[in-house]
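Engineer: Got a structure for you, written out below as structure tokens; questions coming shortly.
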Amino acid sequence: MGISDWWRRRQAERLDISDALWDQVESELEFLAHLAPEERAQLRLLARQFVAEKQWSGAQGLQLTPRIQLTIALQACLPILKLGLDWYDGWVGIVVYPGDFLIPRRMVDEDGVVHEYDDEVMGEAWYGGPVLLSWFDDAADAHGINVVIHEFAHKLDMCSGDADGVPPLHEGMSRRRWIEVMSRAFDDFQERVDLGEETLLDPYGAEWPAEFFAVASEAFFENPALLRGEYPDVYEQFRLFYRQDPGVQRAVPR
């Protein structure tokens with residue numbers, strides 16, 4: 001065990017989290033049900049370490065509770081379950097808002113005219129900086145969007161620089177194949193959205209390749225059958241990258 005791993009374990013051990021709270025939060029995240037017992041234990045360890053080493057802030061009067069932190073941490077750590085917490089190195093801040101929030105934007109158009117406006121968002125990941133997240137007590141208010149997995153997929157994407165839909169790939173994976181698969185799927189999805197089709201994936205994924213990667217990552221973990229049915233080649237690339245196969249149905253222990 002390296003020094004960083006030892007430190008993370010020591011910090012995590014200081015957190016007093018009851019089994020009842022773990023069970024409550026996990027039961028609310030139904031897409032964790034496919035995990036084998038050893039995977040669930042590993043996810044809990046990662047979530048403990050994640051809560052301990054990140055700097056948490058509640059915005060606009062939101063009081064952070066252990067339940068809120070664990071709910072976010074379990075979802076944030078699910079994509080790195082087989083990758084490790086080092087993938088979230090280089091930044092520390094997590095800011096949680098009570099619902100949607102506004103971010104001031106400044107844009108210069110082709111004619112050099114400056115436009116300033118407030119952009120209403122549910123989350124945002126900053127390169128080298130914090131992750132901003134909205135919190136909803138009722139998950140239905142999120143309109144089927146998993147903002148945590150979405151924004152942390154962006155963080156993984158940013159491990160190779162600016163978010164472009166191409167995260168650092170593992171040895172044995174082909175960058176050329178990844179780009180080919182993702183580009184073909186993105187072009188198809190963008191065309192379907194432009195034609196007004198009611199897509200099963202969030203149409204926001206048609207904005208640009210980085211958003212398609214994040215939206216597809218949401219589906220990979222929350223509704224793997226959907227992604228595999230829509231874009232099986234994307235599913236296969238994600239299976240290789242995340243080193244998980246959430247679409248596999250495991251027998252439930254009796």
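Letters A, B, ... go to the chains of the structure tokens in the order shown; residues in each chain start at 1; ligands are counted from 1 in the same order.
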Distance table requested - region 39-98 of chain A against region 150-158 of chain A, cut-off 9 Å, only C-alpha atoms: one row per qualifying residue with the closest atom pair and its distance in Å to one decimal, ordered by chain and rising residue number, as a Markdown table.

Structural biologist:
| residue | atom | partner | partner_atom | distance |
| --- | --- | --- | --- | --- |
| A:Gln75 | CA | A:Phe152 | CA | 8.9 |
| A:Ala76 | CA | A:Phe152 | CA | 6.1 |
| A:Cys77 | CA | A:Phe152 | CA | 8.7 |
| A:Pro79 | CA | A:Ala153 | CA | 7.6 |
| A:Ile80 | CA | A:Leu156 | CA | 8.9 |
| A:Trp87 | CA | A:Leu156 | CA | 6.7 |
| A:Tyr88 | CA | A:Lys155 | CA | 7.3 |

Engineer: Return as a PyMOL selection string the full set of residues in region 65-183 of chain A whose backbone-based DSSP assignment is strand (DSSP E).

Structural biologist: chain A and resi 93-98+101-108+114-121+123-125+131-135

Engineer: Contacts of region 220-232 of chain A at 9 Å or less, counting only C-alpha atoms, minus same-chain residues fewer than 6 places along, as a list in words?

Structural biologist: Glu30, Phe31, Leu32, Leu78, Pro79, Asn146, Ile149, Ala185, Leu200, Leu201, Phe238, Arg239, Asp245, Pro246, Gly247 and Val248 of chain A

Engineer: For each of A:Arg243, A:Pro203, A:Gly196, A:Ile145, take the minimum atom-to-atom distance to Met173 (chain A), counting only C-alpha atoms, then give the residue where this is smallest.

Structural biologist: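 Counting only C-alpha atoms, the residue closest to Met173 (chain A) is A:Arg243.
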
Engineer: Please give the complete set of residues from region 79-198 of chain A that DSSP, run on the backbone, assigns to helix (DSSP H, G or I), formatted as an MDAnalysis selection string.

Structural biologist: chainID A and resid 85:88 139:142 147:160 175:194
